[in-house]
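What follows is the content of start.cif, which has mmCIF, C-alpha atoms:
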```
data_my_file
#
loop_
_atom_site.label_atom_id
_atom_site.label_comp_id
_atom_site.auth_asym_id
_atom_site.auth_seq_id
_atom_site.Cartn_x
_atom_site.Cartn_y
_atom_site.Cartn_z
CA MET A 1 27.52 -98.20 22.11
CA PHE A 2 29.61 -95.08 22.75
CA PRO A 3 30.74 -92.72 19.88
CA PRO A 4 34.41 -92.84 18.89
CA HIS A 5 36.69 -90.21 20.43
CA PRO A 6 38.10 -87.55 17.98
CA ASP A 7 41.73 -87.85 17.00
CA PRO A 8 43.74 -85.14 18.89
CA ALA A 9 46.31 -84.81 16.10
CA SER A 10 43.66 -84.16 13.44
CA ALA A 11 41.91 -81.44 15.56
CA SER A 12 45.18 -79.58 16.16
CA SER A 13 46.03 -79.58 12.46
CA SER A 14 42.58 -78.14 11.55
CA SER A 15 42.93 -75.33 14.13
CA ARG A 16 46.33 -74.28 12.80
CA PHE A 17 44.98 -74.15 9.26
CA SER A 18 42.09 -71.86 10.29
CA ARG A 19 44.40 -69.44 12.06
CA ARG A 20 46.68 -69.25 9.01
CA LEU A 21 43.70 -68.54 6.78
CA ILE A 22 42.49 -65.70 9.01
CA TRP A 23 45.92 -64.09 9.08
CA LEU A 24 46.21 -64.33 5.32
CA VAL A 25 42.83 -62.54 4.89
CA LEU A 26 43.81 -59.76 7.34
CA ALA A 27 47.14 -59.28 5.58
CA ALA A 28 45.39 -59.00 2.19
CA VAL A 29 42.94 -56.38 3.52
CA LEU A 30 45.77 -54.37 5.08
CA ILE A 31 47.79 -54.41 1.85
CA GLY A 32 44.69 -53.30 -0.11
CA LEU A 33 44.08 -50.33 2.21
CA VAL A 34 47.70 -49.22 1.99
CA LEU A 35 47.64 -49.40 -1.81
CA PHE A 36 44.31 -47.45 -1.92
CA PHE A 37 45.59 -44.53 0.11
CA LEU A 38 48.92 -44.46 -1.75
CA LEU A 39 47.21 -44.36 -5.13
CA ARG A 40 44.73 -41.70 -3.94
CA SER A 41 47.51 -39.42 -2.74
CA LYS A 42 49.47 -39.80 -5.97
CA ALA A 43 46.56 -39.26 -8.37
CA PRO A 44 46.20 -35.46 -7.90
CA ALA A 45 49.97 -35.04 -8.14
CA GLU A 46 49.99 -36.78 -11.51
CA GLY A 47 46.92 -34.88 -12.84
CA GLY A 48 47.76 -31.43 -11.38
CA PRO A 49 47.51 -29.51 -8.07
CA ASN A 50 45.07 -30.65 -5.39
CA PRO A 51 41.93 -28.43 -5.61
CA TRP A 52 41.39 -28.73 -1.87
CA THR A 53 44.74 -27.23 -1.01
CA GLY A 54 45.43 -24.90 -3.98
CA PRO A 55 44.26 -21.31 -4.60
CA VAL A 56 40.50 -20.69 -4.70
CA ALA A 57 38.86 -18.91 -7.64
CA VAL A 58 36.64 -16.12 -6.31
CA LYS A 59 34.60 -13.18 -7.56
CA VAL A 60 34.97 -9.92 -5.68
CA GLU A 61 33.50 -6.43 -5.53
CA ALA A 62 34.98 -3.34 -3.96
CA ALA A 63 33.21 -1.49 -1.16
CA ARG A 64 32.02 1.90 -2.32
CA VAL A 65 30.96 5.20 -0.78
CA GLU A 66 27.50 6.50 -1.75
CA ASP A 67 24.39 8.21 -0.43
CA PHE A 68 22.17 5.57 1.14
CA THR A 69 18.44 6.10 1.78
CA VAL A 70 16.94 4.40 4.82
CA GLN A 71 13.44 3.19 4.02
CA LEU A 72 10.59 1.61 5.93
CA GLN A 73 8.84 -1.22 4.12
CA ALA A 74 5.20 -2.17 4.69
CA ILE A 75 2.27 -3.86 3.01
CA GLY A 76 -0.27 -1.26 1.94
CA THR A 77 -3.80 -1.20 0.57
CA VAL A 78 -4.72 1.17 -2.25
CA THR A 79 -7.78 3.16 -1.14
CA PRO A 80 -9.86 5.65 -3.16
CA TYR A 81 -9.43 9.20 -2.00
CA ASN A 82 -13.22 9.58 -1.90
CA THR A 83 -15.98 6.99 -2.25
CA VAL A 84 -19.55 8.04 -3.05
CA THR A 85 -22.61 5.83 -3.46
CA VAL A 86 -24.79 7.67 -5.97
CA ARG A 87 -28.40 7.62 -4.76
CA SER A 88 -31.59 9.36 -5.80
CA ARG A 89 -33.04 12.00 -3.47
CA VAL A 90 -36.56 11.63 -4.84
CA ASP A 91 -38.92 8.81 -5.79
CA GLY A 92 -39.72 8.23 -9.43
CA GLU A 93 -38.93 6.41 -12.63
CA LEU A 94 -35.29 6.24 -13.71
CA ALA A 95 -35.59 7.78 -17.16
CA ARG A 96 -31.99 7.73 -18.42
CA VAL A 97 -28.50 6.66 -17.37
CA LEU A 98 -26.03 8.87 -19.22
CA VAL A 99 -22.67 7.27 -18.26
CA ARG A 100 -21.01 3.94 -18.97
CA GLU A 101 -19.73 1.54 -16.37
CA GLY A 102 -16.05 2.21 -15.74
CA GLN A 103 -16.19 5.68 -17.29
CA HIS A 104 -14.23 8.52 -15.71
CA VAL A 105 -16.50 11.49 -15.00
CA GLU A 106 -15.87 15.03 -13.82
CA ARG A 107 -17.52 16.78 -10.91
CA GLY A 108 -20.91 18.23 -11.90
CA GLN A 109 -21.31 15.96 -14.93
CA LEU A 110 -24.86 14.64 -15.49
CA LEU A 111 -25.03 10.94 -14.60
CA ALA A 112 -28.73 10.07 -14.77
CA GLU A 113 -32.19 11.58 -14.99
CA ILE A 114 -35.46 10.78 -13.22
CA ASP A 115 -38.85 11.45 -14.81
CA ALA A 116 -39.38 15.15 -13.98
CA ARG A 117 -43.03 15.58 -15.03
CA PRO A 118 -44.58 15.03 -11.57
CA PHE A 119 -42.19 17.56 -10.06
CA ARG A 120 -42.98 20.17 -12.72
CA VAL A 121 -46.64 19.81 -11.82
CA GLN A 122 -45.87 20.35 -8.14
CA LEU A 123 -43.84 23.46 -9.02
CA ALA A 124 -46.69 24.84 -11.10
CA GLN A 125 -49.13 24.29 -8.23
CA ALA A 126 -46.85 26.12 -5.79
CA GLN A 127 -46.34 29.00 -8.18
CA GLY A 128 -50.13 29.29 -8.75
CA GLN A 129 -50.80 29.45 -5.04
CA GLN A 130 -48.09 32.08 -4.75
CA GLN A 131 -49.67 34.23 -7.46
CA GLN A 132 -53.07 34.01 -5.76
CA ASN A 133 -51.69 35.15 -2.41
CA MET A 134 -49.69 37.93 -4.08
CA ALA A 135 -52.90 39.31 -5.54
CA GLN A 136 -54.61 39.19 -2.12
CA LEU A 137 -51.64 40.94 -0.54
CA LYS A 138 -51.68 43.67 -3.18
CA ASN A 139 -55.38 44.30 -2.55
CA ALA A 140 -54.89 44.34 1.24
CA GLU A 141 -52.00 46.81 0.96
CA SER A 142 -54.21 49.09 -1.20
CA GLU A 143 -56.99 48.93 1.39
CA LEU A 144 -54.50 49.69 4.17
CA ALA A 145 -53.29 52.81 2.34
CA ARG A 146 -56.88 54.05 1.92
CA TYR A 147 -57.66 53.38 5.63
CA GLU A 148 -54.60 55.38 6.64
CA GLN A 149 -55.87 58.35 4.64
CA LEU A 150 -59.32 58.04 6.13
CA PHE A 151 -57.86 57.67 9.63
CA LYS A 152 -56.04 60.99 9.17
CA GLN A 153 -59.39 62.53 8.26
CA ASP A 154 -60.90 60.88 11.35
CA ALA A 155 -63.28 58.95 9.07
CA VAL A 156 -62.47 55.38 10.34
CA ALA A 157 -61.82 53.96 13.77
CA ARG A 158 -58.34 53.05 14.95
CA GLN A 159 -59.44 49.44 15.45
CA GLN A 160 -60.40 49.05 11.79
CA LEU A 161 -57.02 50.42 10.67
CA ASP A 162 -55.17 48.03 12.93
CA ARG A 163 -57.26 45.10 11.69
CA GLN A 164 -56.34 45.93 8.09
CA ALA A 165 -52.64 46.28 8.97
CA ALA A 166 -52.73 42.84 10.63
CA LEU A 167 -54.32 41.35 7.52
CA VAL A 168 -51.49 42.77 5.41
CA GLN A 169 -48.89 41.23 7.70
CA GLN A 170 -50.69 37.89 7.60
CA LEU A 171 -50.76 37.87 3.81
CA ARG A 172 -47.07 38.79 3.68
CA GLY A 173 -46.30 35.79 5.89
CA THR A 174 -48.44 33.58 3.68
CA LEU A 175 -46.58 34.87 0.63
CA GLN A 176 -43.25 34.04 2.27
CA SER A 177 -44.50 30.51 2.94
CA ASP A 178 -45.60 30.28 -0.68
CA GLN A 179 -42.11 31.28 -1.79
CA ALA A 180 -40.68 28.50 0.35
CA GLN A 181 -43.07 26.03 -1.30
CA VAL A 182 -41.95 27.21 -4.72
CA ASP A 183 -38.27 26.92 -3.76
CA ASN A 184 -38.84 23.40 -2.42
CA ALA A 185 -40.63 22.37 -5.62
CA LYS A 186 -37.71 23.74 -7.67
CA LEU A 187 -35.28 21.85 -5.43
CA GLN A 188 -37.18 18.58 -5.85
CA LEU A 189 -37.21 19.17 -9.60
CA SER A 190 -33.45 19.72 -9.58
CA TYR A 191 -33.00 16.36 -7.83
CA THR A 192 -34.32 14.65 -10.96
CA ARG A 193 -30.91 15.45 -12.49
CA ILE A 194 -28.32 13.30 -10.73
CA GLU A 195 -24.91 14.93 -11.11
CA ALA A 196 -21.46 13.70 -10.08
CA PRO A 197 -20.53 15.08 -6.64
CA ILE A 198 -16.84 14.31 -7.26
CA SER A 199 -14.56 13.46 -10.15
CA GLY A 200 -13.97 9.73 -10.34
CA ARG A 201 -14.63 6.40 -11.98
CA VAL A 202 -18.11 4.91 -12.28
CA GLY A 203 -18.68 1.42 -10.91
CA LEU A 204 -21.05 -1.29 -12.10
CA ARG A 205 -24.65 -0.12 -12.51
CA ARG A 206 -27.14 -1.61 -10.04
CA VAL A 207 -30.37 -0.22 -11.50
CA ASP A 208 -31.36 -0.04 -15.16
CA ALA A 209 -33.34 2.71 -16.83
CA GLY A 210 -37.11 2.22 -16.63
CA ASN A 211 -37.16 1.00 -13.04
CA LEU A 212 -38.96 2.81 -10.26
CA ILE A 213 -36.50 3.93 -7.60
CA THR A 214 -36.95 5.29 -4.10
CA ALA A 215 -35.17 8.12 -2.39
CA ASN A 216 -32.00 7.25 -0.43
CA ASP A 217 -32.05 3.58 -1.45
CA ALA A 218 -29.27 1.72 0.41
CA ASN A 219 -27.85 0.11 -2.74
CA GLY A 220 -27.88 3.25 -4.85
CA LEU A 221 -27.46 3.45 -8.61
CA PHE A 222 -23.68 2.84 -8.62
CA THR A 223 -20.55 3.89 -6.77
CA LEU A 224 -18.17 6.66 -7.75
CA LEU A 225 -14.51 6.33 -6.70
CA GLN A 226 -11.96 9.13 -6.83
CA THR A 227 -8.71 7.60 -8.08
CA LYS A 228 -6.83 10.76 -9.13
CA PRO A 229 -5.33 11.31 -6.64
CA ILE A 230 -5.47 8.05 -4.71
CA SER A 231 -4.16 6.98 -1.31
CA VAL A 232 -2.39 3.98 0.19
CA LEU A 233 -3.08 2.98 3.79
CA PHE A 234 -0.43 1.05 5.72
CA ASN A 235 0.64 0.33 9.30
CA VAL A 236 3.97 0.79 11.06
CA PRO A 237 4.96 -0.81 14.38
CA GLU A 238 5.07 1.24 17.54
CA THR A 239 8.86 0.94 17.75
CA GLN A 240 9.29 2.90 14.50
CA ILE A 241 6.76 5.66 15.14
CA ALA A 242 9.36 8.07 16.53
CA GLN A 243 11.48 7.71 13.41
CA VAL A 244 8.44 8.21 11.16
CA ARG A 245 7.29 11.29 13.08
CA THR A 246 10.76 12.82 12.83
CA ALA A 247 10.74 12.37 9.06
CA TYR A 248 7.15 13.67 8.81
CA ALA A 249 8.02 16.82 10.79
CA GLY A 250 10.59 17.88 8.18
CA ASP A 251 10.11 20.64 5.66
CA VAL A 252 9.48 18.12 2.88
CA LYS A 253 7.16 15.18 3.48
CA PRO A 254 8.83 11.74 3.14
CA VAL A 255 8.75 10.13 -0.30
CA ALA A 256 6.56 7.02 -0.58
CA GLU A 257 6.95 4.44 -3.33
CA ALA A 258 4.38 1.80 -4.28
CA TRP A 259 5.82 -1.45 -5.70
CA ASP A 260 4.00 -4.43 -7.12
CA ARG A 261 3.29 -7.64 -5.19
CA ASN A 262 6.68 -9.15 -6.11
CA ALA A 263 8.53 -5.92 -5.26
CA SER A 264 10.11 -6.05 -8.71
CA LYS A 265 8.45 -3.03 -10.36
CA ARG A 266 7.77 0.44 -8.99
CA LEU A 267 4.18 1.43 -9.76
CA ALA A 268 4.00 5.00 -8.48
CA GLN A 269 5.73 7.59 -6.34
CA GLY A 270 4.02 9.91 -3.88
CA ARG A 271 4.45 11.35 -0.41
CA LEU A 272 3.34 10.60 3.11
CA GLU A 273 0.23 12.70 3.74
CA THR A 274 -0.87 12.08 7.31
CA LEU A 275 -0.64 9.90 10.43
CA ASP A 276 -3.50 8.58 12.52
CA ASN A 277 -4.06 10.23 15.90
CA GLN A 278 -3.65 7.10 18.03
CA ILE A 279 -1.98 3.70 18.15
CA ASP A 280 -4.12 0.62 17.69
CA VAL A 281 -3.80 -1.16 21.05
CA ALA A 282 -4.82 -4.50 19.51
CA THR A 283 -1.92 -4.58 17.03
CA GLY A 284 0.52 -2.06 18.49
CA THR A 285 0.71 -0.24 15.17
CA LEU A 286 -0.03 3.23 13.82
CA ARG A 287 -1.97 3.76 10.61
CA LEU A 288 -0.53 6.06 7.93
CA LYS A 289 -1.78 7.42 4.63
CA ALA A 290 0.33 8.19 1.56
CA ARG A 291 -0.95 10.25 -1.36
CA PHE A 292 -0.28 9.39 -5.02
CA GLU A 293 -1.38 11.52 -7.96
CA ASN A 294 -1.97 8.34 -10.02
CA ALA A 295 -2.20 10.21 -13.30
CA ASP A 296 -1.61 7.00 -15.29
CA ASP A 297 -4.05 4.84 -13.24
CA SER A 298 -1.23 2.53 -12.20
CA LEU A 299 -2.81 2.05 -8.76
CA PHE A 300 -6.22 0.38 -8.51
CA PRO A 301 -8.60 0.52 -5.52
CA ASN A 302 -8.14 -2.28 -2.95
CA GLN A 303 -4.90 -3.38 -4.62
CA PHE A 304 -2.17 -4.70 -2.30
CA VAL A 305 1.22 -3.06 -2.82
CA ASN A 306 4.63 -3.09 -1.21
CA LEU A 307 5.12 0.41 0.13
CA ARG A 308 8.54 1.92 0.82
CA LEU A 309 8.73 5.10 2.87
CA ALA A 310 11.97 7.10 2.84
CA LEU A 311 12.90 8.05 6.41
CA GLN A 312 16.53 9.16 6.33
CA LYS A 313 19.44 9.65 3.95
CA LEU A 314 22.93 8.56 5.00
CA PRO A 315 25.50 10.56 3.01
CA ASN A 316 28.86 9.02 2.11
CA ALA A 317 28.05 5.60 3.56
CA VAL A 318 30.33 2.62 2.90
CA THR A 319 28.23 -0.15 1.29
CA ILE A 320 28.92 -3.69 0.10
CA PRO A 321 26.78 -6.41 -1.52
CA LEU A 322 24.63 -8.22 1.00
CA ASP A 323 25.66 -11.59 -0.51
CA ALA A 324 29.20 -11.04 0.67
CA VAL A 325 28.22 -10.98 4.36
CA GLN A 326 28.67 -14.18 6.40
CA TYR A 327 27.32 -14.84 9.88
CA GLY A 328 29.16 -16.73 12.59
CA SER A 329 29.25 -17.17 16.34
CA ARG A 330 31.24 -13.95 16.74
CA GLY A 331 28.95 -11.90 14.51
CA SER A 332 28.90 -10.71 10.91
CA TYR A 333 32.04 -10.88 8.78
CA VAL A 334 33.31 -10.85 5.20
CA TYR A 335 36.35 -12.22 3.42
CA ALA A 336 38.51 -9.37 2.16
CA ILE A 337 41.42 -9.82 -0.25
CA ASN A 338 44.85 -8.73 0.93
CA ASP A 339 48.02 -9.55 -1.08
CA GLY A 340 46.26 -12.37 -2.90
CA LYS A 341 45.01 -14.01 0.28
CA ALA A 342 41.67 -14.11 2.02
CA THR A 343 41.40 -12.47 5.40
CA VAL A 344 38.40 -12.35 7.75
CA ARG A 345 37.00 -8.91 8.61
CA MET A 346 34.49 -8.63 11.45
CA LEU A 347 31.87 -5.99 10.63
CA GLU A 348 29.38 -3.73 12.34
CA LEU A 349 26.48 -3.46 9.89
CA GLY A 350 23.85 -0.80 9.36
CA PRO A 351 20.60 -0.85 7.36
CA SER A 352 20.33 -2.84 4.15
CA SER A 353 18.23 -2.86 0.99
CA ASN A 354 18.24 -3.71 -2.71
CA GLY A 355 21.05 -6.21 -2.20
CA ARG A 356 23.41 -3.80 -0.42
CA VAL A 357 24.19 -3.13 3.23
CA VAL A 358 25.85 -0.24 5.05
CA VAL A 359 29.10 -1.06 6.86
CA ALA A 360 29.34 1.06 10.00
CA LYS A 361 32.72 -0.32 11.08
CA GLY A 362 35.27 -2.87 9.91
CA LEU A 363 35.81 -2.05 6.24
CA ASN A 364 37.21 0.83 4.22
CA LYS A 365 36.35 2.25 0.84
CA ASP A 366 37.55 0.29 -2.23
CA GLU A 367 38.47 -2.81 -0.23
CA ALA A 368 37.51 -5.91 -2.21
CA VAL A 369 35.17 -8.42 -0.59
CA VAL A 370 34.45 -11.93 -1.86
CA LEU A 371 31.06 -12.60 -3.45
CA GLU A 372 31.49 -16.15 -4.84
CA GLY A 373 33.71 -19.00 -3.72
CA LEU A 374 33.04 -18.41 -0.01
CA ASP A 375 32.45 -22.06 0.86
CA ARG A 376 36.13 -23.02 0.36
CA LEU A 377 37.74 -20.01 1.98
CA ARG A 378 39.54 -19.78 5.29
CA GLU A 379 41.90 -17.29 6.90
CA GLY A 380 45.05 -16.87 4.82
CA ARG A 381 43.88 -19.00 1.89
CA GLU A 382 45.34 -17.98 -1.46
CA VAL A 383 42.79 -16.82 -4.03
CA ILE A 384 42.56 -16.22 -7.75
CA VAL A 385 40.27 -13.31 -8.61
CA THR A 386 38.06 -13.98 -11.64
CA GLU A 387 36.18 -11.37 -13.64
CA GLY A 388 32.42 -10.91 -13.88
CA ALA A 389 31.62 -9.61 -10.40
CA ALA A 390 27.97 -8.97 -9.71
CA ALA A 391 26.79 -5.48 -10.68
CA PRO A 392 25.84 -3.19 -7.80
CA ALA A 393 22.25 -2.08 -7.19
CA ALA A 394 21.24 1.18 -8.83
CA SER A 395 19.48 2.90 -5.94
CA PRO A 396 20.56 1.75 -2.49
CA VAL A 397 17.88 2.16 0.15
CA ALA A 398 17.44 0.58 3.52
CA GLU A 399 14.19 -1.17 4.31
CA THR A 400 12.59 -2.18 7.58
CA ALA A 401 9.51 -4.36 7.55
CA ALA A 402 6.16 -3.24 8.91
CA PRO A 403 2.82 -5.04 9.27
CA ALA A 404 0.16 -5.01 6.59
CA ALA A 405 -2.53 -2.36 6.57
CA ARG A 406 -5.83 -3.44 7.96
#
```
Serialized structure, structure tokens:
Amino acid sequence: MFPPHPDPASASSSSRFSRRLIWLVLAAVLIGLVLFFLLRSKAPAEGGPNPWTGPVAVKVEAARVEDFTVQLQAIGTVTPYNTVTVRSRVDGELARVLVREGQHVERGQLLAEIDARPFRVQLAQAQGQQQQNMAQLKNAESELARYEQLFKQDAVARQQLDRQAALVQQLRGTLQSDQAQVDNAKLQLSYTRIEAPISGRVGLRRVDAGNLITANDANGLFTLLQTKPISVLFNVPETQIAQVRTAYAGDVKPVAEAWDRNASKRLAQGRLETLDNQIDVATGTLRLKARFENADDSLFPNQFVNLRLALQKLPNAVTIPLDAVQYGSRGSYVYAINDGKATVRMLELGPSSNGRVVVAKGLNKDEAVVLEGLDRLREGREVIVTEGAAAPAASPVAETAAPAAR
């Protein structure tokens, strides 16, 4: 059997109903969109001005004229001015250690003593031998004087006189050798007193009293570091060497400042002392040394510090906060305030530091630049200046980074 054919009239009626339903849904969606946008545009008008089109609240600060110090910034290593490993010059028993670990000692201060009894015995032996030879020399000189008298009387032969004179000379040479032996014994005895060759701080002790020690032991008794004054070693790139040498050649050596690891606290102030005599070809840098008096022990050996070296002072430079500077495709710019509106100023910038930057061109003294509210500004936008602008930095200096000291 074949299936019944659909009724044409019923199919046409169903199709018309579907089309009407689709049109009704589209109309409802369209009406909803229109109402949404109408209500959205009216809401700000009822509640107040539209924040996206009204004046922008900003904080500003005026550009100022001040002396600006250009500085080079580098990572430095605090290094003792002198380092001495205290060793014994003679063998023997370490009798006493007279200093504490970490104690500051002065040059010439007694640090330790070695048992001196064997060296006193050696000195006594040398002195006894010297006395014996002195007696022989005195007797030979007396004989020589008698032979000279007899030779004048033609009572002795010339050969006998010469033999006695040679004996006197021999004994004088022996006596001189004896004196050297005595001096050496005194020197060895003096080495039993170990004194500080420099002023500095004592390190951890490596040998305790009562131990037998040998001369010139590689480990030594302890180390002695001179920390007053102290130095900081750091490197500068080859491109900045000319600027550093110019500053170093001045009448007054450049000021160096040592800051802590976070660059938030200045630890000490000193001066650049010397430059190395060649550039390191492996790193393309030059090594420098700065000297710090370190009277308060604020710098500690092998400590890493942020070093700032003053290279040049720019008098009467126009400076602004670094936070005010924006960067675009055309270069650096700021928003300045003119008659209550924001205007874009393209700038030519100089060195920067401590949150401020030198403006070489593009801005005048006392012109106000925007610090906060920058994200909603555009050319000609009206602004409302609020109070509480950020305070300027106390000591403007310009920093340029340099590699860490090796």
Mind dumping a table of every segment 181-203 of chain A residue within 12 Å of segment 63-81 of chain A, with the nearest atom pair and its distance in Å to one decimal, using all atoms listed in the file, sorted by chain and rising number, as a tab-separated table?
```
residue	atom	partner	partner_atom	distance
A:Ile198	CA	A:Tyr81	CA	10.4
A:Ser199	CA	A:Tyr81	CA	10.5
A:Gly200	CA	A:Pro80	CA	9.2
A:Arg201	CA	A:Pro80	CA	10.1
```
*Point-to-point distance in Å for atom CA of Leu299 of chain A and atom CA of Val232 of chain A*: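 These atoms are spaced 9.2 Å apart.
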*Closest of A:Gln160, A:Asn139, A:Gln226, A:Gln179 to Ala126 of chain A - atom-to-atom distances counting all atoms listed in the file*: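 Between A:Gln160, A:Asn139, A:Gln226, A:Gln179, the residue approaching Ala126 of chain A most closely is A:Gln179.
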*asked:* Using all atoms listed in the file for the distances, tell me which of A:Val25, A:Leu225, A:Val56, A:Val255 is nearest to Gly380 of chain A.
replied: A:Val56
*Could you tell me how far atom CA of Arg356 of chain A lies from atom CA of Val385 of chain A, in Å and to one decimal?*
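According to the coordinates, atom CA of Arg356 of chain A and atom CA of Val385 of chain A are separated by 21.0 Å.
Distances to Ser352 of chain A were evaluated for A:Leu322, A:Leu309, A:Val99, A:Ala124 using all atoms listed in the file, and the minimum falls at A:Leu322.
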